[in-house]
file run19.cif (mmCIF, C-alpha atoms)
data_coords
#
loop_
_atom_site.label_atom_id
_atom_site.label_comp_id
_atom_site.auth_asym_id
_atom_site.auth_seq_id
_atom_site.Cartn_x
_atom_site.Cartn_y
_atom_site.Cartn_z
CA MET A 1 17.98 27.86 29.54
CA ASN A 2 17.58 29.22 26.05
CA GLU A 3 14.18 27.55 25.83
CA LEU A 4 13.01 29.31 29.02
CA LEU A 5 14.02 32.70 27.59
CA LEU A 6 12.12 32.04 24.35
CA LEU A 7 9.05 30.91 26.33
CA ALA A 8 9.19 34.10 28.40
CA LEU A 9 9.44 36.32 25.30
CA ALA A 10 6.71 34.46 23.40
CA PHE A 11 4.19 34.58 26.24
CA GLY A 12 5.10 38.17 27.11
CA ARG A 13 4.19 39.14 23.54
CA ILE A 14 1.00 37.05 23.58
CA SER A 15 0.00 38.71 26.84
CA LEU A 16 0.58 42.23 25.49
CA GLY A 17 -1.71 41.62 22.52
CA SER A 18 -4.55 39.84 24.33
CA PHE A 19 -7.16 42.54 24.77
CA ALA A 20 -10.72 41.83 25.95
CA GLY A 21 -10.21 38.34 27.26
CA GLY A 22 -8.84 34.98 26.29
CA LEU A 23 -10.71 34.25 23.08
CA ALA A 24 -8.90 37.02 21.20
CA SER A 25 -5.57 35.53 22.27
CA ILE A 26 -6.13 32.35 20.22
CA ALA A 27 -4.87 34.07 17.04
CA LEU A 28 -1.78 35.35 18.89
CA ILE A 29 -1.02 31.95 20.44
CA TYR A 30 -1.37 30.34 17.02
CA HIS A 31 1.03 32.83 15.47
CA GLU A 32 3.73 32.48 18.13
CA ILE A 33 3.46 28.78 18.89
CA VAL A 34 2.54 27.22 15.54
CA ILE A 35 3.73 29.63 12.83
CA HIS A 36 6.75 31.25 14.46
CA TYR A 37 8.33 28.68 16.79
CA HIS A 38 6.76 25.42 15.50
CA TRP A 39 6.41 24.25 19.09
CA LEU A 40 3.08 22.55 18.36
CA SER A 41 1.57 21.07 15.21
CA PRO A 42 -1.76 22.63 14.12
CA GLU A 43 -3.52 19.43 15.30
CA GLU A 44 -1.98 19.55 18.76
CA PHE A 45 -2.72 23.27 18.95
CA GLU A 46 -6.40 22.57 18.32
CA GLN A 47 -6.53 19.84 20.95
CA MET A 48 -4.80 22.10 23.44
CA ILE A 49 -7.25 24.98 22.82
CA SER A 50 -10.16 22.59 23.32
CA LEU A 51 -8.67 21.34 26.62
CA ALA A 52 -7.83 24.89 27.73
CA GLN A 53 -11.38 26.13 27.21
CA MET A 54 -12.86 23.16 29.08
CA SER A 55 -10.76 23.61 32.20
CA PRO A 56 -10.96 26.50 34.67
CA GLY A 57 -8.75 29.56 34.35
CA PRO A 58 -7.89 31.91 31.48
CA ILE A 59 -7.44 30.08 28.18
CA ALA A 60 -4.11 31.81 27.48
CA VAL A 61 -2.74 30.92 30.93
CA ASN A 62 -3.76 27.30 30.39
CA ALA A 63 -1.99 27.38 27.02
CA ALA A 64 1.12 28.83 28.67
CA THR A 65 1.17 26.07 31.31
CA TYR A 66 0.69 23.36 28.67
CA ILE A 67 3.31 24.59 26.21
CA GLY A 68 5.78 25.45 28.98
CA LYS A 69 5.53 21.95 30.42
CA ARG A 70 5.76 20.37 27.01
CA LEU A 71 9.01 22.22 26.19
CA ALA A 72 10.81 22.44 29.53
CA GLY A 73 8.93 20.60 32.26
CA LEU A 74 7.99 22.32 35.51
CA PRO A 75 10.37 25.31 35.08
CA GLY A 76 8.98 25.88 31.60
CA ALA A 77 5.38 25.76 32.80
CA ALA A 78 6.19 28.17 35.65
CA VAL A 79 8.08 30.67 33.44
CA ALA A 80 5.49 30.71 30.63
CA THR A 81 2.60 31.10 33.10
CA ALA A 82 4.41 33.82 35.07
CA PHE A 83 5.08 35.89 31.93
CA MET A 84 1.53 35.46 30.66
CA VAL A 85 0.17 36.72 33.99
CA GLY A 86 2.93 39.15 34.99
CA THR A 87 3.42 41.21 31.81
CA PRO A 88 0.14 43.18 32.08
CA ILE A 89 0.75 43.73 35.82
CA ILE A 90 4.18 45.24 35.11
CA LEU A 91 2.62 47.33 32.33
CA LEU A 92 -0.08 48.47 34.75
CA LEU A 93 2.48 49.56 37.34
CA THR A 94 4.43 51.43 34.64
CA ILE A 95 1.28 53.19 33.41
CA ALA A 96 0.25 54.08 36.95
CA TYR A 97 3.72 55.57 37.50
CA THR A 98 3.62 57.48 34.19
CA ILE A 99 0.14 58.85 34.82
CA LYS A 100 1.46 60.59 37.91
CA PHE A 101 3.53 62.79 35.58
CA PHE A 102 1.18 62.97 32.57
CA PRO A 103 -2.39 62.73 33.86
CA PHE A 104 -4.79 61.44 31.18
CA GLY A 105 -8.41 62.57 31.25
CA THR A 106 -11.35 60.17 31.09
CA LYS A 107 -11.86 61.30 27.49
CA THR A 108 -8.38 60.15 26.45
CA LYS A 109 -8.84 56.78 28.18
CA HIS A 110 -12.18 56.37 26.40
CA LYS A 111 -10.57 57.25 23.07
CA ILE A 112 -7.83 54.64 23.63
CA THR A 113 -10.36 51.90 24.45
CA GLN A 114 -12.44 52.86 21.39
CA SER A 115 -9.41 52.73 19.11
CA LEU A 116 -8.58 49.22 20.28
CA ARG A 117 -12.03 47.83 19.39
CA PRO A 118 -11.43 47.18 15.66
CA GLY A 119 -8.22 45.33 16.58
CA VAL A 120 -10.01 43.12 19.09
CA ALA A 121 -12.68 42.35 16.49
CA ALA A 122 -9.91 41.44 14.03
CA LEU A 123 -8.19 39.15 16.58
CA LEU A 124 -11.48 37.40 17.30
CA THR A 125 -12.28 36.97 13.60
CA ALA A 126 -8.81 35.60 12.86
CA SER A 127 -9.14 33.21 15.82
CA ALA A 128 -12.57 32.04 14.67
CA LEU A 129 -11.42 31.49 11.07
CA ARG A 130 -8.36 29.51 12.19
CA LEU A 131 -10.57 27.15 14.17
CA LEU A 132 -13.28 27.09 11.49
CA SER A 133 -10.95 26.05 8.68
CA SER A 134 -9.70 23.14 10.74
CA SER A 135 -13.04 21.88 12.02
CA LEU A 136 -15.11 21.62 8.84
CA GLY A 137 -13.48 18.46 7.55
CA GLU A 138 -15.67 15.57 8.58
CA PRO A 139 -19.48 15.30 8.31
CA ILE A 140 -19.97 14.34 11.99
CA TYR A 141 -18.52 17.70 12.98
CA ILE A 142 -20.75 19.66 10.62
CA LEU A 143 -23.62 17.99 12.45
CA LEU A 144 -22.21 19.23 15.76
CA THR A 145 -22.00 22.92 14.75
CA PRO A 146 -25.77 23.62 14.92
CA LEU A 147 -25.89 21.69 18.21
CA ALA A 148 -23.11 23.87 19.61
CA LEU A 149 -24.96 26.98 18.39
CA PHE A 150 -28.08 25.81 20.22
CA LEU A 151 -26.14 25.02 23.40
CA LEU A 152 -24.38 28.39 23.44
CA LEU A 153 -27.36 30.56 22.41
CA LYS A 154 -30.59 28.98 23.60
CA SER A 155 -30.00 26.28 26.21
CA LYS A 156 -29.46 26.57 29.94
CA ALA A 157 -25.75 26.00 29.34
CA LYS A 158 -25.39 29.37 27.58
CA ASP A 159 -24.16 31.05 30.76
CA GLN A 160 -21.69 28.20 31.29
CA PRO A 161 -19.62 28.11 28.07
CA SER A 162 -17.14 25.59 29.49
CA LEU A 163 -19.96 23.21 30.30
CA ALA A 164 -21.44 23.68 26.81
CA ILE A 165 -18.02 22.91 25.29
CA ILE A 166 -17.59 19.76 27.41
CA LEU A 167 -21.09 18.72 26.27
CA CYS A 168 -20.01 19.20 22.64
CA GLY A 169 -17.09 16.85 23.28
CA ALA A 170 -19.38 14.28 24.90
CA LEU A 171 -21.82 14.54 21.99
CA ALA A 172 -19.00 13.95 19.52
CA VAL A 173 -17.99 10.78 21.38
CA ALA A 174 -21.63 9.63 21.57
CA THR A 175 -22.10 10.22 17.81
CA ALA A 176 -18.89 8.34 17.03
CA LEU A 177 -19.97 5.42 19.23
CA ALA A 178 -23.41 5.31 17.62
CA ALA A 179 -21.87 5.41 14.14
CA ARG A 180 -19.58 2.53 15.11
CA ALA A 181 -22.43 0.44 16.51
CA LEU A 182 -24.79 1.07 13.60
CA TRP A 183 -22.56 0.97 10.54
CA ASN A 184 -19.24 -0.38 11.83
CA VAL A 185 -17.53 2.84 10.70
CA MET B 1 -7.11 38.48 55.59
CA ILE B 2 -4.34 37.17 53.31
CA LYS B 3 -5.62 33.63 53.84
CA ASP B 4 -9.20 34.76 53.08
CA ILE B 5 -8.05 36.45 49.87
CA PHE B 6 -6.17 33.34 48.77
CA PHE B 7 -9.11 31.00 49.32
CA LEU B 8 -11.67 33.39 47.83
CA PHE B 9 -9.74 33.56 44.54
CA LEU B 10 -8.95 29.86 44.62
CA LYS B 11 -12.66 29.08 44.92
CA SER B 12 -13.74 31.64 42.31
CA SER B 13 -11.22 30.41 39.78
CA LEU B 14 -12.46 26.82 40.21
CA LEU B 15 -16.18 27.63 40.12
CA ALA B 16 -16.38 30.47 37.58
CA LEU B 17 -15.83 28.33 34.49
CA GLY B 18 -15.84 29.82 31.02
CA GLY B 19 -13.64 32.88 30.89
CA GLY B 20 -13.13 36.40 32.13
CA PHE B 21 -16.62 37.83 31.89
CA ILE B 22 -18.12 34.98 33.91
CA PHE B 23 -15.40 35.40 36.53
CA ILE B 24 -16.30 39.12 36.80
CA GLY B 25 -19.93 38.35 37.64
CA PHE B 26 -18.94 35.66 40.11
CA ILE B 27 -16.32 37.69 41.99
CA GLU B 28 -18.63 40.73 42.21
CA LEU B 29 -21.18 38.65 44.16
CA GLU B 30 -18.52 37.04 46.37
CA ILE B 31 -17.02 40.41 47.32
CA LYS B 32 -20.48 41.70 48.24
CA LYS B 33 -21.16 38.57 50.31
CA LYS B 34 -17.96 39.15 52.28
CA SER B 35 -18.91 42.85 52.51
CA TRP B 36 -15.51 43.81 51.15
CA ASP B 37 -17.17 46.09 48.58
CA SER B 38 -16.63 49.08 50.86
CA LEU B 39 -12.87 48.37 50.71
CA CYS B 40 -12.51 48.38 46.94
CA ASP B 41 -14.17 50.23 44.07
CA ILE B 42 -15.26 47.15 42.09
CA PRO B 43 -16.73 48.92 38.98
CA THR B 44 -13.52 50.91 38.43
CA LEU B 45 -11.34 47.83 38.97
CA ILE B 46 -13.43 45.89 36.44
CA ALA B 47 -13.08 48.73 33.91
CA VAL B 48 -9.29 48.85 34.37
CA SER B 49 -8.84 45.06 34.23
CA THR B 50 -10.83 44.72 31.00
CA SER B 51 -9.05 47.57 29.23
CA LEU B 52 -5.58 46.22 30.07
CA PRO B 53 -4.04 43.53 27.85
CA GLY B 54 -3.62 40.05 29.29
CA PRO B 55 -6.01 37.65 31.01
CA ILE B 56 -8.93 39.51 32.64
CA ILE B 57 -9.14 36.98 35.50
CA THR B 58 -5.59 37.55 36.72
CA ASN B 59 -5.68 41.32 36.08
CA LEU B 60 -8.85 41.69 38.13
CA SER B 61 -7.59 39.35 40.87
CA TYR B 62 -4.45 41.45 41.23
CA LEU B 63 -6.37 44.74 41.35
CA ILE B 64 -8.89 43.52 43.95
CA GLY B 65 -6.19 41.88 46.07
CA LYS B 66 -4.15 45.05 45.87
CA SER B 67 -6.97 47.32 47.04
CA LEU B 68 -7.67 44.92 49.91
CA LYS B 69 -4.16 44.33 51.20
CA GLY B 70 -1.53 46.06 49.06
CA SER B 71 0.94 44.37 46.71
CA ILE B 72 1.13 41.22 48.87
CA GLY B 73 -2.66 40.96 48.64
CA GLY B 74 -2.47 41.37 44.86
CA LEU B 75 0.11 38.61 44.47
CA THR B 76 -1.84 36.33 46.83
CA ALA B 77 -5.01 36.84 44.78
CA ILE B 78 -3.17 36.00 41.53
CA LEU B 79 -1.65 32.91 43.13
CA GLY B 80 -5.06 31.75 44.31
CA ALA B 81 -6.57 32.35 40.88
CA ILE B 82 -3.91 30.52 38.85
CA LEU B 83 -3.10 27.60 41.16
CA PRO B 84 -6.16 25.44 40.27
CA PRO B 85 -5.88 25.86 36.47
CA PHE B 86 -2.08 25.42 36.64
CA LEU B 87 -2.35 22.12 38.52
CA ILE B 88 -5.24 20.87 36.37
CA ILE B 89 -3.46 21.59 33.07
CA TYR B 90 -0.13 20.36 34.44
CA PHE B 91 -1.60 16.97 35.29
CA LEU B 92 -4.10 16.74 32.38
CA ALA B 93 -1.48 17.67 29.79
CA PRO B 94 0.06 14.16 29.62
CA LEU B 95 -3.34 13.14 28.26
CA LEU B 96 -2.30 14.90 25.05
CA MET B 97 1.47 14.60 25.21
CA ASN B 98 2.06 10.90 25.72
CA GLN B 99 0.18 9.79 22.62
CA GLY B 100 -3.05 9.98 24.67
CA ALA B 101 -4.54 12.07 21.91
CA SER B 102 -4.05 9.31 19.38
CA ASN B 103 -6.57 7.40 21.48
CA TYR B 104 -9.67 7.56 19.28
CA PHE B 105 -12.09 8.66 22.00
CA VAL B 106 -9.84 11.28 23.57
CA ALA B 107 -9.24 12.73 20.11
CA THR B 108 -12.96 12.70 19.26
CA PHE B 109 -13.84 14.31 22.59
CA LEU B 110 -11.35 17.14 22.05
CA ARG B 111 -12.46 17.54 18.42
CA GLY B 112 -16.06 17.95 19.58
CA GLY B 113 -14.95 20.45 22.19
CA LEU B 114 -13.11 22.39 19.49
CA ILE B 115 -16.39 22.80 17.54
CA GLY B 116 -17.88 24.29 20.71
CA VAL B 117 -14.93 26.68 21.10
CA MET B 118 -15.14 27.63 17.42
CA VAL B 119 -18.87 28.47 17.69
CA PHE B 120 -18.23 30.37 20.94
CA VAL B 121 -15.48 32.47 19.31
CA LEU B 122 -17.65 33.07 16.21
CA LEU B 123 -20.53 34.34 18.36
CA THR B 124 -18.24 36.64 20.35
CA ALA B 125 -16.57 37.88 17.14
CA SER B 126 -19.93 38.66 15.51
CA ARG B 127 -20.93 40.87 18.45
CA TRP B 128 -17.65 42.79 18.22
CA ILE B 129 -17.90 43.12 14.43
CA CYS B 130 -21.40 44.65 14.76
CA SER B 131 -20.18 47.22 17.25
CA VAL B 132 -17.16 48.10 15.06
CA TYR B 133 -19.47 48.44 12.03
CA LYS B 134 -21.51 51.02 13.93
CA MET B 135 -18.35 53.01 14.73
CA GLY B 136 -17.98 54.17 11.13
CA ALA B 137 -16.07 53.50 7.92
CA VAL B 138 -12.48 54.03 9.11
CA SER B 139 -12.95 51.62 12.02
CA PHE B 140 -14.60 48.98 9.88
CA ILE B 141 -12.11 49.17 6.99
CA SER B 142 -9.18 49.04 9.42
CA TYR B 143 -10.82 45.99 11.02
CA VAL B 144 -11.03 44.21 7.64
CA ILE B 145 -7.41 45.06 6.81
CA MET B 146 -6.14 43.91 10.23
CA THR B 147 -8.00 40.61 9.89
CA ALA B 148 -6.52 40.05 6.43
CA LEU B 149 -2.99 40.85 7.69
CA MET B 150 -3.36 38.43 10.60
CA LEU B 151 -4.60 35.65 8.33
CA MET B 152 -1.69 36.29 5.94
CA GLY B 153 0.68 35.47 8.78
CA ILE B 154 1.75 38.99 9.79
CA HIS B 155 2.36 39.15 13.57
CA PRO B 156 -1.03 40.05 15.15
CA LEU B 157 0.69 42.45 17.56
CA PHE B 158 2.07 44.38 14.56
CA ALA B 159 -1.33 44.50 12.80
CA LEU B 160 -2.92 45.56 16.08
CA SER B 161 -0.46 48.46 16.55
CA ILE B 162 -0.98 49.80 13.02
CA GLY B 163 -4.76 49.58 13.44
CA PHE B 164 -4.53 51.35 16.78
CA ILE B 165 -2.54 54.25 15.30
CA VAL B 166 -4.97 54.59 12.37
CA ASN B 167 -7.98 54.52 14.67
CA ILE B 168 -6.65 56.91 17.27
CA SER B 169 -5.85 59.41 14.49
CA TRP B 170 -8.92 59.14 12.26
CA GLY B 171 -11.31 56.49 13.55
CA GLY B 172 -14.29 56.15 15.88
CA LYS B 173 -16.45 59.06 14.71
CA ARG B 174 -19.38 57.53 16.57
CA ASP B 175 -18.98 56.36 20.16
CA ILE B 176 -20.17 52.96 21.31
CA GLU B 177 -21.29 52.60 24.93
#

call {"tool": "encode", "arguments": {"input": "run19.cif", "output": "structure tokens"}}
result
Amino acid sequence: MNELLLLALAFGRISLGSFAGGLASIALIYHEIVIHYHWLSPEEFEQMISLAQMSPGPIAVNAATYIGKRLAGLPGAAVATAFMVGTPIILLLTIAYTIKFFPFGTKTKHKITQSLRPGVAALLTASALRLLSSSLGEPIYILLTPLALFLLLKSKAKDQPSLAIILCGALAVATALAARALWNV
Amino acid sequence: MIKDIFFLFLKSSLLALGGGFIFIGFIELEIKKKSWDSLCDIPTLIAVSTSLPGPIITNLSYLIGKSLKGSIGGLTAILGAILPPFLIIYFLAPLLMNQGASNYFVATFLRGGLIGVMVFVLLTASRWICSVYKMGAVSFISYVIMTALMLMGIHPLFALSIGFIVNISWGGKRDIE
């Protein structure tokens, strides 16, 4: 029971801070799940993010389902997912209700969006650095970075990031197999 | 109608792989194909869903469903959009949980995928950093400070709120888009 409440609070907070899409939420998920609650080890967090970005659906919702199931089975998965998805909807209904009494102009809305931009950039940078620091260990992965850059910038897969990321995984396996066959590593 | 909404979002969530902005493009086309675009103001709904916190896919699904068929429509759209990823993660998760990840090839596959995610996040971050740089000194300095706070282990939501207050008071001399 207690676990479900903590899951609800954690994913409610993650949801409230995830502006401009799932990638920015990686830093928030890391903070809540790894630093604050120690629900996942950094290694398992990385594997989960990789899996979440490969499969359909918002990355943060996938993370909620995974961590919820891991901690409290089906009820956990349902509660974490519901709070990840439901918090902004409740916020939206509250704002819509408030705006009836205090109508904001387009200018104010624009100003609010503009003021959030530096924060989103910071979330994205923090997310990128978290992943970067953990992935530059072994030489085979340094080899993969330029390949990933090519896939995501120049190849036909650039409009299909999930596909490009699955390809990166496949390339890693292929490289590891080749290394095994050639040098018995 | 409710059934149509459910299956439209189910299909879109399965086929539009790769995050919110790809889902937006996909759903825009699908709504036009069904000629539902006269029933909802898609550009406004996209603008609202991307400026709200939370996953863009579910925010937009709710808003479109709601303009088509009220609150029930909104909830149906969300359900359609999260059912496929929920089931996929629910049944794929044991791959990681039950020591599956200590399997050398599973671990290598996910490690390779992580490089892809890392590069993807770096590319997205660099675009945002450029646009913040153009907004002026206050915005850029507050961005650097927020990043440092987040990396030091301060709660990102807290750093985000402080940055928001600073920027709404003094920031954004130049407008972007």

call {"tool": "residues_around", "arguments": {"input": "run19.cif", "residues": "region 46-52 of chain A", "least_positions_apart": "6", "cutoff": "6 Å", "atoms": "all atoms listed in the file", "output": "ChimeraX atom specification"}}
result
/A:59,62 /B:110,113-114

call {"tool": "residues_around", "arguments": {"input": "run19.cif", "residues": "region 143-150 of chain A", "least_positions_apart": "3", "cutoff": "12 Å", "atoms": "only C-alpha atoms", "output": "PyMOL selection string"}}
result
(chain A and resi 132+135-140+153-158+161-176) or (chain B and resi 108-109+111-124)

call {"tool": "write_last_selection", "arguments": {"input": "run19.cif", "atoms": "C-alpha atoms", "output": "mmCIF file, keeping the file's coordinate frame"}}
result
data_model
loop_
_atom_site.group_PDB
_atom_site.id
_atom_site.type_symbol
_atom_site.label_atom_id
_atom_site.label_comp_id
_atom_site.auth_asym_id
_atom_site.auth_seq_id
_atom_site.Cartn_x
_atom_site.Cartn_y
_atom_site.Cartn_z
ATOM 1 C CA LEU A 132 -13.280 27.090 11.490
ATOM 2 C CA SER A 135 -13.040 21.880 12.020
ATOM 3 C CA LEU A 136 -15.110 21.620 8.840
ATOM 4 C CA GLY A 137 -13.480 18.460 7.550
ATOM 5 C CA GLU A 138 -15.670 15.570 8.580
ATOM 6 C CA PRO A 139 -19.480 15.300 8.310
ATOM 7 C CA ILE A 140 -19.970 14.340 11.990
ATOM 8 C CA LEU A 153 -27.360 30.560 22.410
ATOM 9 C CA LYS A 154 -30.590 28.980 23.600
ATOM 10 C CA SER A 155 -30.000 26.280 26.210
ATOM 11 C CA LYS A 156 -29.460 26.570 29.940
ATOM 12 C CA ALA A 157 -25.750 26.000 29.340
ATOM 13 C CA LYS A 158 -25.390 29.370 27.580
ATOM 14 C CA PRO A 161 -19.620 28.110 28.070
ATOM 15 C CA SER A 162 -17.140 25.590 29.490
ATOM 16 C CA LEU A 163 -19.960 23.210 30.300
ATOM 17 C CA ALA A 164 -21.440 23.680 26.810
ATOM 18 C CA ILE A 165 -18.020 22.910 25.290
ATOM 19 C CA ILE A 166 -17.590 19.760 27.410
ATOM 20 C CA LEU A 167 -21.090 18.720 26.270
ATOM 21 C CA CYS A 168 -20.010 19.200 22.640
ATOM 22 C CA GLY A 169 -17.090 16.850 23.280
ATOM 23 C CA ALA A 170 -19.380 14.280 24.900
ATOM 24 C CA LEU A 171 -21.820 14.540 21.990
ATOM 25 C CA ALA A 172 -19.000 13.950 19.520
ATOM 26 C CA VAL A 173 -17.990 10.780 21.380
ATOM 27 C CA ALA A 174 -21.630 9.630 21.570
ATOM 28 C CA THR A 175 -22.100 10.220 17.810
ATOM 29 C CA ALA A 176 -18.890 8.340 17.030
ATOM 30 C CA THR B 108 -12.960 12.700 19.260
ATOM 31 C CA PHE B 109 -13.840 14.310 22.590
ATOM 32 C CA ARG B 111 -12.460 17.540 18.420
ATOM 33 C CA GLY B 112 -16.060 17.950 19.580
ATOM 34 C CA GLY B 113 -14.950 20.450 22.190
ATOM 35 C CA LEU B 114 -13.110 22.390 19.490
ATOM 36 C CA ILE B 115 -16.390 22.800 17.540
ATOM 37 C CA GLY B 116 -17.880 24.290 20.710
ATOM 38 C CA VAL B 117 -14.930 26.680 21.100
ATOM 39 C CA MET B 118 -15.140 27.630 17.420
ATOM 40 C CA VAL B 119 -18.870 28.470 17.690
ATOM 41 C CA PHE B 120 -18.230 30.370 20.940
ATOM 42 C CA VAL B 121 -15.480 32.470 19.310
ATOM 43 C CA LEU B 122 -17.650 33.070 16.210
ATOM 44 C CA LEU B 123 -20.530 34.340 18.360
ATOM 45 C CA THR B 124 -18.240 36.640 20.350
#

call {"tool": "residues_around", "arguments": {"input": "run19.cif", "residues": "Ala63 (chain A)", "least_positions_apart": "6", "cutoff": "10 Å", "atoms": "only C-alpha atoms", "output": "PyMOL selection string"}}
result
(chain A and resi 11+26+29+33+45+48-49+51-53+69+77+80-81+84) or (chain B and resi 86+89)

call {"tool": "interface_residues", "arguments": {"input": "run19.cif", "of": "chain B", "to": "chain A", "cutoff": "7 Å", "atoms": "all atoms listed in the file", "output": "PyMOL selection string"}}
result
chain B and resi 13-14+17-20+50-59+82+85-86+89-90+93+105+108-122+125+128-129+132+139-140+142-143+146-147+150-151+155-157+160+163-164+167-168+171-172

call {"tool": "atom_distance", "arguments": {"input": "run19.cif", "atom1": "CA of Gly25 (chain B)", "atom2": "CA of Gly70 (chain B)"}}
result
23.0 Å

call {"tool": "atom_distance", "arguments": {"input": "run19.cif", "atom1": "CA of Leu79 (chain B)", "atom2": "CA of Leu63 (chain B)"}}
result
12.9 Å

call {"tool": "atom_distance", "arguments": {"input": "run19.cif", "atom1": "CA of Leu75 (chain B)", "atom2": "CA of Ile5 (chain B)"}}
result
10.0 Å

call {"tool": "closest_residue", "arguments": {"input": "run19.cif", "among": "A:Trp183, A:Thr106, A:Ala178, A:Ala8", "to": "Ala72 (chain A)", "atoms": "all atoms listed in the file"}}
result
A:Ala8

call {"tool": "decode", "arguments": {"input": "run19.cif", "residues": "region 5-38 of chain A", "atoms": "C-alpha atoms", "output": "compact mmCIF listing (two decimals), in the first residue's frame"}}
result
# COMPACT_ATOMS: atom_id res chain seq x y z
CA LEU A 5 1.47 5.83 -2.62
CA LEU A 6 5.19 6.49 -3.12
CA LEU A 7 4.93 5.40 -6.77
CA ALA A 8 1.99 7.77 -7.29
CA LEU A 9 3.86 10.72 -5.73
CA ALA A 10 7.11 10.01 -7.59
CA PHE A 11 5.48 9.75 -11.00
CA GLY A 12 3.19 12.70 -10.32
CA ARG A 13 6.30 14.82 -9.70
CA ILE A 14 8.10 13.42 -12.76
CA SER A 15 5.05 14.20 -14.87
CA LEU A 16 4.82 17.80 -13.62
CA GLY A 17 8.43 18.50 -14.59
CA SER A 18 8.46 16.81 -18.00
CA PHE A 19 8.09 19.68 -20.43
CA ALA A 20 8.55 19.31 -24.19
CA GLY A 21 8.41 15.56 -24.42
CA GLY A 22 9.91 12.44 -22.97
CA LEU A 23 13.62 13.03 -23.46
CA ALA A 24 13.68 15.86 -20.92
CA SER A 25 12.07 13.54 -18.36
CA ILE A 26 15.13 11.25 -18.24
CA ALA A 27 16.88 13.57 -15.74
CA LEU A 28 13.74 13.67 -13.56
CA ILE A 29 13.26 9.90 -13.65
CA TYR A 30 16.92 9.44 -12.72
CA HIS A 31 16.58 11.80 -9.77
CA GLU A 32 13.42 10.22 -8.35
CA ILE A 33 14.11 6.56 -9.10
CA VAL A 34 17.88 6.24 -8.71
CA ILE A 35 19.02 9.08 -6.43
CA HIS A 36 15.97 9.59 -4.21
CA TYR A 37 14.26 6.21 -3.81
CA HIS A 38 17.04 3.80 -4.91
